[in-house]
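Peer 1: This is the content of run-v5.txt (compact mmCIF, C-alpha atoms):
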# COMPACT_ATOMS: atom_id res chain seq x y z
CA MET A 759 -0.28 -3.83 -10.65
CA VAL A 760 -0.80 -1.16 -7.99
CA LEU A 761 1.71 1.66 -7.93
CA ARG A 762 2.31 3.70 -4.83
CA SER A 763 4.60 6.61 -3.99
CA TYR A 764 6.84 6.25 -0.95
CA SER A 765 7.68 9.97 -0.71
CA GLU A 766 4.87 10.74 1.74
CA GLY A 767 5.12 7.70 3.97
CA HIS A 768 4.35 4.01 4.01
CA THR A 769 1.44 3.44 1.65
CA ILE A 770 1.39 -0.36 1.50
CA PRO A 771 -1.59 -1.91 3.35
CA SER A 772 -0.59 -3.35 6.71
CA LEU A 773 -1.18 -6.63 8.43
CA CYS A 774 -3.52 -6.50 11.42
CA ASP A 775 -2.38 -4.65 14.56
CA ARG A 776 -1.62 -7.90 16.34
CA CYS A 777 0.64 -9.15 13.53
CA ASN A 778 2.39 -5.77 13.28
CA ASN A 779 3.00 -5.61 17.02
CA GLU A 780 4.29 -9.19 17.07
CA ALA A 781 6.64 -8.44 14.16
CA SER A 782 8.11 -5.45 16.00
CA ASN A 783 8.50 -7.43 19.22
CA ARG A 784 10.36 -10.14 17.27
CA GLY A 785 12.69 -7.56 15.69
CA LEU A 786 11.61 -8.25 12.10
CA PRO A 787 11.21 -4.64 10.82
CA PHE A 788 14.47 -3.52 12.46
CA ALA A 789 16.40 -6.41 10.90
CA TYR A 790 14.89 -5.55 7.50
CA LYS A 791 15.86 -1.88 7.98
CA LEU A 792 19.50 -2.81 8.65
CA TRP A 793 19.51 -5.18 5.66
CA ARG A 794 18.10 -2.46 3.40
CA LYS A 795 20.64 0.11 4.60
CA GLY A 796 23.53 -2.28 4.00
CA VAL A 797 22.37 -3.04 0.46
CA ILE A 798 21.83 0.64 -0.37
CA ASP A 799 25.31 1.51 0.93
CA THR A 800 26.84 -1.21 -1.25
CA LEU A 801 24.82 -0.04 -4.28
CA GLN A 802 26.14 3.50 -3.83
CA GLN A 803 29.72 2.27 -3.48
CA THR A 804 29.32 0.09 -6.58
CA ALA A 805 27.95 2.99 -8.61
CA LYS A 806 30.82 5.25 -7.56
CA ARG A 807 33.35 2.67 -8.72
CA HIS A 808 31.84 2.96 -12.22
CA GLY A 809 31.70 6.76 -12.32
CA ARG A 810 32.31 9.96 -10.41
CA ASP A 811 28.98 9.60 -8.61
CA VAL A 812 25.66 7.81 -8.97
CA SER A 813 24.39 10.30 -11.56
CA HIS A 814 27.20 9.33 -13.97
CA PHE A 815 26.34 5.66 -13.93
CA ASP A 816 22.87 4.16 -14.26
CA ILE A 817 23.33 1.09 -12.12
CA TRP A 818 19.73 0.02 -12.79
CA ALA A 819 20.51 -0.36 -16.51
CA SER A 820 23.48 -2.62 -15.80
CA GLN A 821 23.61 -6.39 -15.66
CA LEU A 822 25.58 -6.46 -12.44
CA PHE A 823 25.45 -8.85 -9.55
CA VAL A 824 26.04 -6.74 -6.46
CA GLU A 825 28.06 -8.53 -3.78
CA VAL A 826 26.94 -7.45 -0.32
CA ARG A 827 28.95 -8.31 2.77
CA HIS A 828 26.34 -8.33 5.49
CA GLY A 829 27.25 -7.43 9.04
CA TYR A 830 27.40 -9.96 11.83
CA ASN A 831 24.61 -8.03 13.57
CA LEU A 832 22.04 -9.03 10.93
CA HIS A 833 19.60 -11.88 11.45
CA PRO A 834 18.63 -13.56 8.14
CA GLY A 835 15.75 -15.44 9.76
CA ARG A 836 14.17 -12.13 10.75
CA ILE A 837 14.84 -10.49 7.40
CA VAL A 838 13.18 -13.22 5.36
CA ARG A 839 10.14 -13.33 7.63
CA GLN A 840 9.69 -9.57 7.27
CA ALA A 841 9.96 -9.87 3.45
CA LEU A 842 7.41 -12.70 3.48
CA GLY A 843 5.11 -10.70 5.74
CA MET A 844 5.24 -7.76 3.33
CA ILE A 845 4.06 -10.00 0.49
CA LEU A 846 1.24 -11.35 2.63
CA ALA A 847 0.23 -7.86 3.79
CA VAL A 848 -0.66 -6.55 0.33
CA GLN A 849 -2.88 -9.40 -0.82
CA ALA A 850 -6.44 -8.43 -1.73
CA ARG A 851 -7.87 -11.84 -0.81
CA ARG A 852 -7.11 -14.74 1.52
CA HIS A 853 -6.34 -17.00 -1.44
CA LEU A 854 -2.60 -17.12 -0.76
CA LEU A 855 -2.94 -17.80 2.96
CA ASP A 856 -5.68 -20.37 2.52
CA ASP A 857 -3.97 -22.31 -0.27
CA TYR A 858 -0.52 -22.27 1.33
CA PRO A 859 -0.89 -22.48 5.13
CA GLN A 860 2.88 -23.05 5.42
CA LEU A 861 3.37 -19.33 4.66
CA ALA A 862 1.66 -18.11 7.83
CA ALA A 863 3.27 -20.91 9.81
CA ALA A 864 6.75 -19.93 8.60
CA TYR A 865 6.10 -16.24 9.18
CA ARG A 866 4.99 -16.80 12.77
CA SER A 867 7.66 -19.38 13.58
CA ASP A 868 10.72 -18.34 15.59
CA GLY A 869 12.45 -21.62 14.80
CA PRO A 870 13.47 -23.37 11.57
CA ALA A 871 10.70 -23.34 8.96
CA SER A 872 10.00 -23.93 5.27
CA ILE A 873 7.57 -22.63 2.66
CA ALA A 874 8.22 -25.47 0.19
CA PRO A 875 7.21 -25.95 -2.58
CA LEU A 876 7.10 -22.15 -2.80
CA ALA A 877 10.26 -20.05 -2.91
CA LEU A 878 11.12 -16.44 -2.08
CA HIS A 879 13.54 -14.45 -4.24
CA VAL A 880 15.07 -10.97 -4.27
CA ALA A 881 16.50 -8.81 -7.05
CA LEU A 882 17.50 -5.14 -6.91
CA VAL A 883 15.35 -2.53 -8.64
CA GLY A 884 15.13 1.25 -8.93
CA ALA A 885 11.46 1.48 -9.88
CA ALA A 886 8.60 2.86 -7.82
CA THR A 887 7.00 1.17 -4.86
CA ALA A 888 4.51 -1.22 -6.41
CA TYR A 889 2.84 -4.50 -5.69
CA VAL A 890 0.56 -7.09 -7.20
CA ASN A 891 -2.31 -7.89 -4.83
CA ASP A 892 -3.10 -11.22 -6.47
CA ALA A 893 -1.19 -13.94 -8.29
CA LEU A 894 0.49 -13.29 -11.63
CA MET A 895 0.93 -16.15 -14.08
CA PRO A 896 3.79 -15.31 -16.45
CA SER A 897 4.51 -17.90 -19.14
CA THR A 898 7.93 -19.09 -20.23
CA ILE A 899 8.95 -21.20 -23.21
CA ASN A 900 10.07 -24.70 -22.37
CA LEU A 901 12.92 -25.14 -24.86
CA SER A 902 13.33 -28.80 -23.99
CA GLY A 903 9.69 -29.60 -24.61
CA ARG A 904 9.17 -28.72 -28.29
CA GLY A 905 8.34 -25.11 -27.57
CA ASN A 906 5.61 -25.78 -25.02
CA THR A 907 4.99 -22.99 -22.56
CA GLU A 908 5.11 -23.29 -18.81
CA SER A 909 3.29 -21.00 -16.42
CA THR A 910 4.10 -20.21 -12.82
CA SER A 911 2.16 -18.36 -10.17
CA CYS A 912 4.06 -15.53 -8.55
CA TRP A 913 3.39 -12.68 -6.15
CA LEU A 914 5.36 -9.48 -6.57
CA LEU A 915 6.39 -6.54 -4.40
CA SER A 916 8.67 -3.72 -5.51
CA PHE A 917 9.94 -1.87 -2.44
CA PRO A 918 13.18 -0.24 -3.65
CA PRO A 919 15.86 -1.28 -3.68
CA PHE A 920 14.26 -4.70 -3.42
CA LEU A 921 12.04 -6.58 -5.83
CA ILE A 922 10.62 -9.42 -3.73
CA ILE A 923 9.11 -12.38 -5.58
CA LEU A 924 7.22 -15.28 -4.11
CA ASN A 925 6.48 -18.08 -6.56
CA ASP A 926 5.46 -21.70 -6.71
CA ARG A 927 8.74 -22.92 -8.18
CA GLN A 928 12.34 -22.88 -7.04
CA GLN A 929 13.33 -20.74 -10.00
CA ALA A 930 12.04 -17.17 -10.19
CA PRO A 931 10.53 -15.79 -13.45
CA ILE A 932 13.48 -13.35 -13.60
CA THR A 933 17.09 -13.61 -12.45
CA ALA A 934 16.96 -13.24 -8.67
CA SER A 935 18.63 -14.54 -5.52
CA ARG A 936 16.73 -17.07 -3.50
CA ILE A 937 16.38 -16.22 0.20
CA ASP A 938 13.70 -18.57 1.55
CA GLN A 939 16.51 -20.85 2.78
CA TRP A 940 17.04 -18.19 5.48
CA LEU A 941 13.85 -19.54 7.05
CA GLU A 942 15.91 -22.54 8.13
CA HIS A 943 17.52 -20.24 10.70
CA PRO A 944 15.79 -19.36 13.97
CA ILE A 945 15.21 -15.64 14.39
CA ASN A 946 18.08 -15.29 16.90
CA TYR A 947 20.63 -16.63 14.36
CA HIS A 948 22.94 -13.96 12.95
CA PHE A 949 25.10 -14.05 9.84
CA ARG A 950 28.28 -16.07 10.24
CA LYS A 951 31.54 -15.73 8.33
CA GLY A 952 30.56 -18.36 5.78
CA ASP A 953 27.16 -16.94 4.81
CA ARG A 954 27.38 -13.16 5.21
CA SER A 955 28.40 -12.50 1.57
CA VAL A 956 25.38 -12.56 -0.74
CA SER A 957 25.13 -11.66 -4.45
CA TYR A 958 21.99 -9.83 -5.54
CA PRO A 959 21.33 -9.25 -9.27
CA ILE A 960 20.15 -5.96 -10.69
CA ALA A 961 16.71 -6.72 -12.13
CA ASP A 962 16.98 -6.91 -15.92
CA LYS A 963 14.94 -4.09 -17.48
CA ARG A 964 14.45 -6.24 -20.58
CA ALA A 965 12.35 -8.74 -18.59
CA LEU A 966 8.64 -8.10 -19.05
CA LEU A 967 7.81 -7.94 -15.35
CA VAL A 968 10.64 -5.49 -14.70
CA SER A 969 9.94 -3.32 -17.74
CA GLU A 970 6.32 -2.97 -16.61
CA LEU A 971 7.53 -1.74 -13.23
CA TYR A 972 9.69 0.95 -14.80
CA ARG A 973 6.97 1.90 -17.28
CA GLY A 974 4.54 2.35 -14.40
CA CYS A 975 7.17 4.34 -12.52
CA GLU A 976 7.49 6.74 -15.47
CA GLN A 977 3.71 7.09 -15.72
CA LEU A 978 3.56 7.89 -12.00
CA ARG A 979 6.30 10.50 -12.39
CA ARG A 980 4.43 12.20 -15.24
CA TYR A 981 1.20 12.17 -13.25
CA LYS A 982 2.93 13.88 -10.33
CA GLU A 983 4.42 16.52 -12.62
CA GLN A 984 1.01 17.26 -14.13
CA HIS A 985 -0.58 17.37 -10.69
CA ASN A 986 2.07 19.78 -9.41
CA ARG A 987 1.67 22.02 -12.47
CA SER A 988 -2.09 22.08 -11.98
CA GLU A 989 -1.67 23.10 -8.36
CA ARG A 990 0.76 25.86 -9.31
CA ASP A 991 -1.57 27.13 -12.01
CA ALA A 992 -4.45 27.13 -9.56
CA THR A 993 -2.55 29.39 -7.21
Before anything else, please render the file you have as structure tokens.

Peer 2:
Amino acid sequence: MVLRSYSEGHTIPSLCDRCNNEASNRGLPFAYKLWRKGVIDTLQQTAKRHGRDVSHFDIWASQLFVEVRHGYNLHPGRIVRQALGMILAVQARRHLLDDYPQLAAAYRSDGPASIAPLALHVALVGAATAYVNDALMPSTINLSGRGNTESTSCWLLSFPPFLIILNDRQQAPITASRIDQWLEHPINYHFRKGDRSVSYPIADKRALLVSELYRGCEQLRRYKEQHNRSERDAT
């Protein structure tokens, strides 16, 4: 897992210039920005309902589902393509693109698309910016199969407040909301009355993948503190 700090700018590797320019021309980053702002605003309002301010309530330690009422000006087809593009942008190899050509096709499509049998999920997280630049294969116990374990391939990107998960099954390895169905909408489709309310779960810190994110976040914080102390001592 590669941890990055967001405090000094965007540190996630980018797609090629052509892909980035096309994404901007299609309105993908702007739609994502509005989506992110709306979710953050709702998170802050939710935290305040549980305490005087955010500092009195650790929303990231809760088991809440946060209900977000998205604005009519948001385009889910653009949002999901931007999230998918972010996953693709941080891969160290072409393995994901080569094995699943439907990903690039869906990302570049302005009309209805699908990434089946893969699925894209989102949970909410307060950890550091981090990503996995190759597939993870977490194992789960199959309770209906005499304790046999099942493995799934997944690709992970933590870009707070979102934890974006692409995996090869319809169910994510943690509790998360599925958003790849937004690819069924063309990019000019905006949220309607019936689909603008979406519940996003707070990522469970007890889940191994999530706990590793927070552990890495704490290690990064300590490293920064040591680095800052060293710089102060040097002066």

Peer 1: Just give me the gap between CA of Arg836 in chain A and CA of Ala864 in chain A in Å, one decimal is fine.

Peer 2: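 Result for CA of Arg836 in chain A versus CA of Ala864 in chain A: 11.0 Å, one decimal.
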
Peer 1: So the first atom is CA of Tyr947 in chain A and the second is CA of Arg839 in chain A; what is the distance between them in Å, to one decimal place?

Peer 2: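 CA of Arg839 in chain A lies at a distance of 12.9 Å from CA of Tyr947 in chain A.
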
Peer 1: Could you name the residues that touch Arg852 in chain A at 12 Å or less, counting only C-alpha atoms, but leaving out those on the same chain fewer than 3 positions away, as a list of chain:residue names?

Peer 2: A:Leu846, A:Ala847, A:Val848, A:Gln849, A:Leu855, A:Asp856, A:Asp857, A:Tyr858, A:Pro859, A:Leu861, A:Ala862, A:Asn891, A:Asp892, A:Ala893

Peer 1: Go ahead and compute the interatomic distance for CA of Ser935 in chain A and CA of Glu780 in chain A, in Å to one decimal.

Peer 2: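 Between these atoms lies a distance of 27.3 Å.
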
Peer 1: Distance table requested - range 871-898 of chain A against range 916-920 of chain A, cut-off 12 Å, all atoms listed in the file: one row per qualifying residue with the closest atom pair and its distance in Å to one decimal, ordered by chain and rising residue number, as a tab-separated table.

Peer 2:
residue	atom	partner	partner_atom	distance
A:His879	CA	A:Phe920	CA	9.8
A:Val880	CA	A:Phe920	CA	6.4
A:Ala881	CA	A:Phe920	CA	5.9
A:Leu882	CA	A:Phe920	CA	4.8
A:Val883	CA	A:Pro919	CA	5.1
A:Gly884	CA	A:Pro918	CA	5.8
A:Ala885	CA	A:Pro918	CA	6.7
A:Ala886	CA	A:Pro918	CA	6.9
A:Thr887	CA	A:Phe917	CA	4.9
A:Ala888	CA	A:Ser916	CA	4.9
A:Tyr889	CA	A:Ser916	CA	5.9
A:Val890	CA	A:Ser916	CA	8.9
A:Asn891	CA	A:Ser916	CA	11.8

Peer 1: Using all atoms listed in the file, which of A:Tyr972, A:Tyr865, A:Trp913, A:Phe949 sits nearest Pro834 in chain A?

Peer 2: A:Phe949

Peer 1: Find the spatial neighbours of range 924-932 of chain A, counting all atoms listed in the file, within a cut-off of 6 Å - ignore same-chain residues fewer than 6 positions away - and output them as JSON, numbers by chain.

Peer 2: {"A": [876, 877, 878, 911, 912, 913]}

Peer 1: Could you save those same residues with C-alpha atoms as a CSV table (one decimal), in the frame of the given file?

Peer 2:
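Saved the output as result06.csv:
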chain,number,residue,atom,x,y,z
A,876,LEU,CA,7.1,-22.2,-2.8
A,877,ALA,CA,10.3,-20.0,-2.9
A,878,LEU,CA,11.1,-16.4,-2.1
A,911,SER,CA,2.2,-18.4,-10.2
A,912,CYS,CA,4.1,-15.5,-8.6
A,913,TRP,CA,3.4,-12.7,-6.2

Peer 1: From the options A:Gln840, A:Ser867, A:Ser872, A:Thr804, which residue's atoms come nearest to Val824 in chain A, counting only C-alpha atoms?

Peer 2: A:Thr804

Peer 1: With all atoms listed in the file as the basis for distance, which of A:Val826, A:His808, A:Lys791, A:Leu854 is at the shortest distance from Leu894 in chain A?

Peer 2: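 Using all atoms listed in the file, Leu894 in chain A sits closest to A:Leu854.
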